[in-house]
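Below: one structure, written as structure tokens.
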Amino acid sequence: MTLSALRVIAVSCLLLGCALAQCPSGDDSSVQGLLTQAISKAKADGVLGDKDFIWGTATAAYQVEGAWNEGGRVPSLWDNFAHEGKASNDTGDVAVDFYHKYPEDIQMMKQLNFTHFRYSISWPRVMNGLQRNEEGIQFYKDLTAELLKNNIEPVVTLFHWDLPDIYDWRNESLVEPFGQYADIMFEALPDVKYWLTLNEPWVFCKLGYQWGVYAPGVVSETDFLTCGHNALKAHAKAYSVWKTKYQASRPDTKVGITLNADWRAALDPTNPDDVALSSKEMDLVLGWFAEPVYGSGDYPQSLKEHFAADAPVFTEEEKASIKGSSDFFGLNFYTAIYVDSTKPYGQHETVHRNGELIGEETASEWLHIVPWGFSTMLKYIKNVWNPPSIIVTENGVSDGRASTDKETLVNDYGRVKFYQDYLTEMAKAMIEDDVPVTGYIAWSLLDNFEWSQGYAERFGLTHVDFDDPALPRTVKKSGEYFGSLIPNVTAQVEACSTGNDSTVATQGGDQQQWQDDWQQQDGGDNWEGGDQQWLR
Ligand code: GBH
């Protein structure tokens, strides 16, 4: 390094704070060090191809857009459900007004150094029945153009639960219209490199058509199976439209589906019945959709046996169209639960083992912090389906119940620790078990409409003040954390591949610095297992 280069570094370090980006040694166990090793390995193994690792944040149309009756948008099932007071008496009518504020939000993503942004298209905004709504289509063209102008790549979901209210997932007649809708959007957005057809069919089918806690609020013993069946057909339809009309001219673009599941762990790993039941539960949750798409083209055997005569049946032609209909494995991962076979079926899930919680509580009743569940899930997916790549399309944690004070919510060191611990597990699965993760997308960019919980649970990397009609955004500590992590890891990966160390000016340091900050803030509280009540 020349003397003048050293001077530049010294000066910028004084002004901005800096880190010397070096290729970490194999025993560097910091989050940055592990991520660098993991991503460097994915590069060397050819898993990433000629692409860089995806670092993104996510939102979904109904949770952020608002403008529910503007620009020719027609009602969705969620508008109706919320207007009936079924979402904790909140609605997405205004949400966080992303419809009008997206240019400002894109500047924020850019400032936080994200390379990708996952958004969803509101079907009822772009189509009124089978009619195109040009104003709605234009909105997504503008949004996409603004992202690209700022060097942020869109990852676009076609369906994140806001079904036009003329449709019903129990009726196969929506499969064709979904294909037409997909066709219109593929055509309208030629620069999009990543498409997701459906977000979490398990959730919108089970919660919408069995338990009735999500729109359309149907309570039934079997309708969720019909929903899932049509969801798989609709997904396959969109994928086949893609393949026949667009794939040849856009060879660089990938299309897939994204699935969720909580990891199911045997309550007593030495009890074969607990082990067998947890594996069956994985089939019923993740295998229900993953086995048709990434495996045999058909439902898992255990699902067919479990539902017997109620299990829907695919034709051979349908199986052939569903099998292989996703270019990558999209995974939304949050938490884990235990399975206790000594309890009656249906009451066999528990979060306690010997009186101890599986993980720390959060503002969401269902979400306990279980970092080891993440690596376990990633390894499971690799072992069972061996996909060419896995994109983590959502991962995040909620607060907002224990405190509603803005200062407290913005200083979300508990969320910083959540991300550090989950990212550590992801990196380890990539390094030690060759799990081919090619991207990680945090849920969510913004505090937003959390479905049946309304605005009470906050998942954002940025705070939204819902009491101020202007809905101002404030970056939280967790947002800042990504803002420094992403360029640091990217520079280190670069240093590993070229053998040249480089210096990057950063806003913050590695894990130790965040721990020190938190301890100062919290009056010397303990980073590991301290009093984190305020996180909830
Ligand atoms: C994601 O689902 C969604 O894609 C996203 O829109 C959402 O904001 C995010 O999670 C955070 O929740 O208590 O029985 O009603 C994650 C999986 C499964 C989590 C259903 C919430 C509710 C269970 N979701 N679960 S229940």
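Identifiers for the structure tokens are assigned positionally: chains receive A, B, ... in sequence, residues are indexed from 1 per chain, and ligands are indexed from 1 in the order shown.
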| message | Please find the residues contacting ligand 1 at a distance of at most 7 Å between atoms, with only C-alpha atoms and all ligand atoms counted, and report them as number ranges by chain. | response | A: 60, 199-200, 203, 207, 213, 260, 332, 334, 365-366, 443, 450-451, 459
For those residues, write all heavy atoms to a file as a short mmCIF file (atom, residue, chain, number, x, y, z; two decimals), in the first residue's frame.
data_model
loop_
_atom_site.label_atom_id
_atom_site.label_comp_id
_atom_site.auth_asym_id
_atom_site.auth_seq_id
_atom_site.Cartn_x
_atom_site.Cartn_y
_atom_site.Cartn_z
N ALA A 60 -45.18 -6.31 2.10
CA ALA A 60 -46.26 -6.88 1.29
C ALA A 60 -47.29 -5.78 1.06
O ALA A 60 -47.51 -4.94 1.95
CB ALA A 60 -46.91 -8.06 2.01
N ASN A 199 -47.01 -16.29 -1.64
CA ASN A 199 -46.39 -16.24 -0.33
C ASN A 199 -47.13 -17.15 0.64
O ASN A 199 -48.32 -16.93 0.91
CB ASN A 199 -46.42 -14.80 0.22
CG ASN A 199 -45.76 -14.70 1.59
OD1 ASN A 199 -44.54 -14.82 1.71
ND2 ASN A 199 -46.54 -14.52 2.64
N GLU A 200 -46.44 -18.17 1.14
CA GLU A 200 -46.93 -18.99 2.25
C GLU A 200 -48.34 -19.55 2.07
O GLU A 200 -49.25 -19.20 2.83
CB GLU A 200 -46.88 -18.18 3.56
CG GLU A 200 -45.51 -17.64 3.90
CD GLU A 200 -45.49 -16.93 5.24
OE1 GLU A 200 -46.57 -16.58 5.76
OE2 GLU A 200 -44.40 -16.73 5.77
N VAL A 203 -50.12 -20.67 5.22
CA VAL A 203 -50.75 -19.68 6.08
C VAL A 203 -52.10 -19.25 5.53
O VAL A 203 -53.12 -19.29 6.24
CB VAL A 203 -49.85 -18.44 6.29
CG1 VAL A 203 -50.60 -17.34 7.04
CG2 VAL A 203 -48.58 -18.81 7.04
N LEU A 207 -55.02 -20.59 7.98
CA LEU A 207 -55.59 -19.53 8.80
C LEU A 207 -56.84 -18.92 8.18
O LEU A 207 -57.73 -18.46 8.88
CB LEU A 207 -54.54 -18.44 9.11
CG LEU A 207 -53.60 -18.80 10.26
CD1 LEU A 207 -52.66 -19.93 9.91
CD2 LEU A 207 -52.82 -17.60 10.75
N VAL A 213 -58.98 -17.22 11.20
CA VAL A 213 -58.43 -16.03 11.83
C VAL A 213 -57.81 -15.04 10.83
O VAL A 213 -57.47 -13.92 11.19
CB VAL A 213 -57.39 -16.39 12.92
CG1 VAL A 213 -58.07 -17.11 14.07
CG2 VAL A 213 -56.24 -17.22 12.36
N ASN A 260 -43.39 -21.26 4.13
CA ASN A 260 -43.00 -21.02 5.51
C ASN A 260 -43.15 -22.31 6.30
O ASN A 260 -43.95 -23.17 5.94
CB ASN A 260 -43.91 -19.98 6.16
CG ASN A 260 -45.31 -20.55 6.36
OD1 ASN A 260 -46.02 -20.78 5.39
ND2 ASN A 260 -45.68 -20.81 7.59
N ASN A 332 -39.49 -18.69 4.22
CA ASN A 332 -39.73 -17.70 5.27
C ASN A 332 -39.55 -18.41 6.60
O ASN A 332 -40.27 -19.37 6.89
CB ASN A 332 -41.16 -17.15 5.20
CG ASN A 332 -41.38 -16.27 3.98
OD1 ASN A 332 -40.43 -15.92 3.28
ND2 ASN A 332 -42.62 -15.90 3.74
N TYR A 334 -39.00 -18.15 10.91
CA TYR A 334 -39.06 -17.35 12.13
C TYR A 334 -38.74 -18.11 13.42
O TYR A 334 -38.03 -17.60 14.27
CB TYR A 334 -40.45 -16.73 12.29
CG TYR A 334 -40.75 -15.65 11.27
CD1 TYR A 334 -41.26 -15.96 10.02
CD2 TYR A 334 -40.51 -14.31 11.55
CE1 TYR A 334 -41.54 -14.97 9.07
CE2 TYR A 334 -40.78 -13.31 10.62
CZ TYR A 334 -41.28 -13.65 9.39
OH TYR A 334 -41.54 -12.67 8.46
N GLU A 365 -47.24 -13.95 19.88
CA GLU A 365 -47.40 -15.14 20.71
C GLU A 365 -46.72 -16.37 20.11
O GLU A 365 -46.17 -17.21 20.83
CB GLU A 365 -48.89 -15.40 20.89
CG GLU A 365 -49.26 -15.84 22.28
CD GLU A 365 -50.66 -16.41 22.31
OE1 GLU A 365 -51.57 -15.78 21.72
OE2 GLU A 365 -50.83 -17.49 22.90
N TRP A 366 -46.76 -16.49 18.80
CA TRP A 366 -46.25 -17.68 18.11
C TRP A 366 -44.74 -17.66 17.91
O TRP A 366 -44.16 -18.65 17.51
CB TRP A 366 -46.92 -17.82 16.75
CG TRP A 366 -46.79 -16.57 15.90
CD1 TRP A 366 -47.62 -15.48 15.91
CD2 TRP A 366 -45.76 -16.27 14.95
NE1 TRP A 366 -47.16 -14.52 15.02
CE2 TRP A 366 -46.03 -14.98 14.42
CE3 TRP A 366 -44.63 -16.97 14.48
CZ2 TRP A 366 -45.21 -14.38 13.46
CZ3 TRP A 366 -43.83 -16.37 13.52
CH2 TRP A 366 -44.12 -15.07 13.03
N TRP A 443 -37.47 -9.39 7.27
CA TRP A 443 -38.83 -8.90 7.44
C TRP A 443 -38.86 -8.04 8.68
O TRP A 443 -38.66 -8.56 9.75
CB TRP A 443 -39.83 -10.06 7.58
CG TRP A 443 -41.23 -9.50 7.69
CD1 TRP A 443 -41.88 -9.14 8.83
CD2 TRP A 443 -42.11 -9.20 6.59
NE1 TRP A 443 -43.12 -8.61 8.52
CE2 TRP A 443 -43.28 -8.64 7.16
CE3 TRP A 443 -42.00 -9.32 5.20
CZ2 TRP A 443 -44.35 -8.22 6.36
CZ3 TRP A 443 -43.08 -8.91 4.43
CH2 TRP A 443 -44.24 -8.37 5.02
N GLU A 450 -49.83 -5.74 10.74
CA GLU A 450 -49.49 -7.13 11.00
C GLU A 450 -50.77 -7.99 11.03
O GLU A 450 -51.10 -8.62 12.01
CB GLU A 450 -48.68 -7.23 12.30
CG GLU A 450 -48.25 -8.61 12.74
CD GLU A 450 -47.55 -9.48 11.69
OE1 GLU A 450 -46.91 -8.94 10.77
OE2 GLU A 450 -47.69 -10.70 11.80
N TRP A 451 -51.51 -7.98 9.93
CA TRP A 451 -52.67 -8.85 9.72
C TRP A 451 -53.64 -8.83 10.91
O TRP A 451 -54.01 -7.74 11.33
CB TRP A 451 -52.19 -10.27 9.36
CG TRP A 451 -51.23 -10.25 8.19
CD1 TRP A 451 -49.89 -10.53 8.21
CD2 TRP A 451 -51.52 -9.89 6.81
NE1 TRP A 451 -49.34 -10.38 6.95
CE2 TRP A 451 -50.31 -10.00 6.07
CE3 TRP A 451 -52.68 -9.50 6.12
CZ2 TRP A 451 -50.23 -9.72 4.70
CZ3 TRP A 451 -52.60 -9.23 4.75
CH2 TRP A 451 -51.39 -9.35 4.06
N PHE A 459 -42.43 -5.29 13.27
CA PHE A 459 -41.31 -6.09 12.75
C PHE A 459 -40.28 -5.22 12.02
O PHE A 459 -39.33 -5.75 11.43
CB PHE A 459 -41.82 -7.15 11.76
CG PHE A 459 -42.43 -8.38 12.40
CD1 PHE A 459 -43.75 -8.38 12.83
CD2 PHE A 459 -41.69 -9.53 12.55
CE1 PHE A 459 -44.32 -9.52 13.41
CE2 PHE A 459 -42.24 -10.68 13.12
CZ PHE A 459 -43.56 -10.67 13.55
#
Practice task
Please identify all polymer residues within 8 Å of A:Gln37, counting only C-alpha atoms, omitting same-chain residues fewer than 2 positions from it, and present them as a PyMOL selection string.
Solution key: chain A and resi 24+26+33-35+39-41+427+431+493
ask   = Would you give me, as a VMD selection string, the residues in stretch 284-465 of chain A that DSSP reads as alpha helix (DSSP H)?
value = chain A and resid 288 to 294 301 to 307 316 to 322 371 to 385 406 to 410 413 to 433
Determine, counting only C-alpha atoms, which protein, DNA and RNA residues have an atom within 12 Å of an atom of stretch 346-348 of chain A; residues of the same chain fewer than 4 positions away are not included. Present the result as a compact mmCIF listing (two decimals) with C-alpha atoms, in the first residue's frame.
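Listing of part-v6.txt after writing:
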# COMPACT_ATOMS: atom_id res chain seq x y z
CA ARG A 264 -40.81 -29.01 14.54
CA ALA A 265 -38.48 -30.59 17.09
CA ALA A 266 -39.18 -33.79 19.05
CA LEU A 267 -39.94 -32.80 22.64
CA ASP A 273 -42.85 -41.49 18.87
CA ASP A 274 -41.92 -37.82 19.33
CA LEU A 277 -44.58 -37.22 14.97
CA SER A 278 -42.27 -34.24 14.44
CA GLU A 281 -45.65 -32.60 11.17
CA ILE A 337 -41.81 -25.52 18.44
CA TYR A 338 -41.69 -28.90 20.19
CA VAL A 339 -43.88 -31.86 19.30
CA ASP A 340 -45.15 -34.00 22.18
CA SER A 341 -46.58 -37.36 21.06
CA THR A 342 -48.00 -38.12 24.52
CA HIS A 352 -41.96 -25.82 26.96
Go through stretch 436-517 of chain A and flag each residue having an atom no more than 12 Å from stretch 74-95 of chain A; for those, report the closest pair of atoms plus their distance in Å to one decimal, using only C-alpha atoms, ordered by chain and rising number, as CSV.
residue,atom,partner,partner_atom,distance
A:Leu446,CA,A:Ala95,CA,10.6
A:Asp447,CA,A:Ala95,CA,9.6
A:Asn448,CA,A:Ala95,CA,6.6
A:Phe449,CA,A:Ala95,CA,6.1
A:Glu450,CA,A:Ala87,CA,8.7
A:Trp451,CA,A:Ala87,CA,6.2
A:Ser452,CA,A:Ala87,CA,4.0
A:Gln453,CA,A:Ser88,CA,5.7
A:Gly454,CA,A:Asp90,CA,5.1
A:Tyr455,CA,A:Asp90,CA,7.1
A:Ala456,CA,A:Ser88,CA,8.8
A:Glu457,CA,A:Ser88,CA,11.3
A:Val464,CA,A:Ala95,CA,10.2
A:Asp465,CA,A:Ala95,CA,11.3
A:Phe466,CA,A:Ala95,CA,8.9
A:Asp467,CA,A:Ala95,CA,12.0
A:Pro469,CA,A:Val94,CA,9.7
A:Ala470,CA,A:Val94,CA,10.8
A:Leu471,CA,A:Ala95,CA,9.1
Which polymer residues have any atom within 10 Å of an atom of A:Asp298, counting only C-alpha atoms, with same-chain residues fewer than 4 positions away left out, as a ChimeraX atom specification? /A:287-294,304,313-316,318-320,322-323
With the cut-off set at 8 Å and counting only C-alpha atoms, tabulate each residue of stretch 235-338 of chain A with an atom at most that distance from an atom of stretch 224-228 of chain A, showing the nearest atom pair and its distance in Å to one decimal, ordered by chain and increasing number, as a Markdown table.
| residue | atom | partner | partner_atom | distance |
| --- | --- | --- | --- | --- |
| A:Phe289 | CA | A:Gly228 | CA | 7.9 |
| A:Asp310 | CA | A:Leu225 | CA | 7.9 |
| A:Ala311 | CA | A:Leu225 | CA | 7.0 |
| A:Pro312 | CA | A:Thr226 | CA | 6.9 |
Please produce a file of those selected residues containing all heavy atoms, as a short mmCIF file (atom, residue, chain, number, x, y, z; two decimals), in the first residue's frame.
data_model
loop_
_atom_site.label_atom_id
_atom_site.label_comp_id
_atom_site.auth_asym_id
_atom_site.auth_seq_id
_atom_site.Cartn_x
_atom_site.Cartn_y
_atom_site.Cartn_z
N PHE A 289 -46.49 -28.55 0.47
CA PHE A 289 -46.22 -27.78 -0.75
C PHE A 289 -44.85 -28.09 -1.35
O PHE A 289 -44.69 -28.05 -2.57
CB PHE A 289 -46.35 -26.28 -0.46
CG PHE A 289 -47.74 -25.92 0.01
CD1 PHE A 289 -48.00 -25.74 1.37
CD2 PHE A 289 -48.79 -25.83 -0.89
CE1 PHE A 289 -49.29 -25.46 1.81
CE2 PHE A 289 -50.08 -25.55 -0.46
CZ PHE A 289 -50.34 -25.37 0.89
N ASP A 310 -60.16 -37.43 2.45
CA ASP A 310 -60.23 -35.97 2.27
C ASP A 310 -59.05 -35.41 1.49
O ASP A 310 -59.09 -34.26 1.05
CB ASP A 310 -60.28 -35.27 3.63
CG ASP A 310 -61.58 -35.51 4.35
OD1 ASP A 310 -62.61 -35.71 3.66
OD2 ASP A 310 -61.58 -35.54 5.60
N ALA A 311 -57.99 -36.20 1.34
CA ALA A 311 -56.80 -35.69 0.64
C ALA A 311 -57.12 -35.51 -0.85
O ALA A 311 -57.57 -36.45 -1.51
CB ALA A 311 -55.63 -36.65 0.82
N PRO A 312 -56.91 -34.30 -1.38
CA PRO A 312 -57.18 -34.08 -2.81
C PRO A 312 -56.20 -34.89 -3.66
O PRO A 312 -55.12 -35.25 -3.21
CB PRO A 312 -56.95 -32.58 -3.00
CG PRO A 312 -56.72 -32.00 -1.66
CD PRO A 312 -56.35 -33.11 -0.74
#
| message | Residues within 9 Å of stretch 246-256 of chain A, please, as a list in words. Count only C-alpha atoms; anything in the same chain fewer than 2 positions from it doesn't count. | response | Phe186, Glu187, Pro190, Asp191, Val192, Lys193, Tyr194, Trp195, Leu196, Thr197, Leu198, His235, Tyr239, Val241, Trp242, Lys243, Thr244, Thr258, Ser325, Ser326, Asp327, Phe328, Phe329 and Gly330 of chain A
List every residue of stretch 219-446 of chain A that DSSP, applied to the backbone of this structure, assigns to strand (DSSP E), and report them as a PyMOL selection string. chain A and resi 254-260+263-266+329-332+336-339+349-350+352-353+356-357+360-361+368-369+390-394+437-443
Name the closest residue to A:Glu432 among the candidates A:Val275, A:Leu378, A:Val96, A:Val370; distances are taken between atoms, counting only C-alpha atoms.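 Residue with the minimum atom-to-atom distance to A:Glu432: A:Leu378.
Of the listed residues A:Asn500, A:Val410, A:Met426, A:Thr438, the one whose atoms come nearest to A:Lys476 is A:Val410, with distances taken using only C-alpha atoms.
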Quick one: of A:Pro388, A:Pro272, A:Pro472, A:Gly396, who's nearest to A:Ile441, counting only C-alpha atoms?
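Going through A:Pro388, A:Pro272, A:Pro472, A:Gly396 one by one, the smallest distance to A:Ile441 is for A:Gly396.
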- Message: What does the structure give for the distance between atom CA of A:Ile391 and atom CA of A:Val156, in Å to one decimal?
- Response: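 Separating atom CA of A:Ile391 from atom CA of A:Val156 is a distance of 13.1 Å.
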Tell me which of A:Pro300, A:Gly66, A:Pro164, A:Gly56 sits closest to A:Pro177, counting only C-alpha atoms.
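Between A:Pro300, A:Gly66, A:Pro164, A:Gly56, the residue approaching A:Pro177 most closely is A:Pro164.
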Practice task
Can you work out the spacing between atom CA of A:Gln492 and atom CA of A:Gln22 in Å, to one decimal?
Solution key: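 Separating atom CA of A:Gln492 from atom CA of A:Gln22 is a distance of 5.4 Å.
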Restricting to only C-alpha atoms, whichever of A:Thr144, A:Ser240, A:Ser497, A:Ser122 is closest to A:Tyr62 is A:Ser122
Practice problem: Name the residues in contact with A:Leu174 at a cut-off of 12 Å, using only C-alpha atoms, excluding same-chain residues fewer than 4 positions from it; report them as a PyMOL selection string. | Solution: chain A and resi 129-130+163-170+178-181+227+229-235+237-238
Let's have the selection written as a compact mmCIF listing (two decimals), in the first residue's frame, with C-alpha atoms.
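Now in out.txt:
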# COMPACT_ATOMS: atom_id res chain seq x y z
CA GLY A 129 -62.02 -8.90 -12.79
CA LEU A 130 -60.36 -9.82 -16.07
CA LEU A 163 -57.12 -11.76 -3.07
CA PRO A 164 -59.65 -9.77 -5.17
CA ASP A 165 -62.93 -10.35 -3.35
CA ILE A 166 -64.58 -11.93 -6.38
CA TYR A 167 -62.31 -14.98 -5.94
CA ASP A 168 -62.13 -17.81 -3.43
CA TRP A 169 -59.22 -20.26 -3.05
CA ARG A 170 -61.71 -23.13 -2.70
CA PHE A 178 -54.22 -16.06 -11.79
CA GLY A 179 -52.32 -17.18 -14.88
CA GLN A 180 -53.58 -14.13 -16.79
CA TYR A 181 -52.63 -11.83 -13.95
CA CYS A 227 -57.35 -24.18 -0.96
CA HIS A 229 -54.74 -27.86 -4.00
CA ASN A 230 -55.84 -24.84 -6.03
CA ALA A 231 -52.91 -22.80 -4.76
CA LEU A 232 -50.48 -25.39 -6.15
CA LYS A 233 -52.35 -25.42 -9.47
CA ALA A 234 -52.36 -21.61 -9.66
CA HIS A 235 -48.64 -21.52 -8.88
CA LYS A 237 -50.08 -22.19 -14.02
CA ALA A 238 -48.07 -18.99 -13.47
Checklist entry - For A:Trp385, which of A:Pro344, A:Gly324, A:Gly295, A:Gly460 is the closest residue, counting only C-alpha atoms? => result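 Selected residue with least distance to A:Trp385: A:Gly295.
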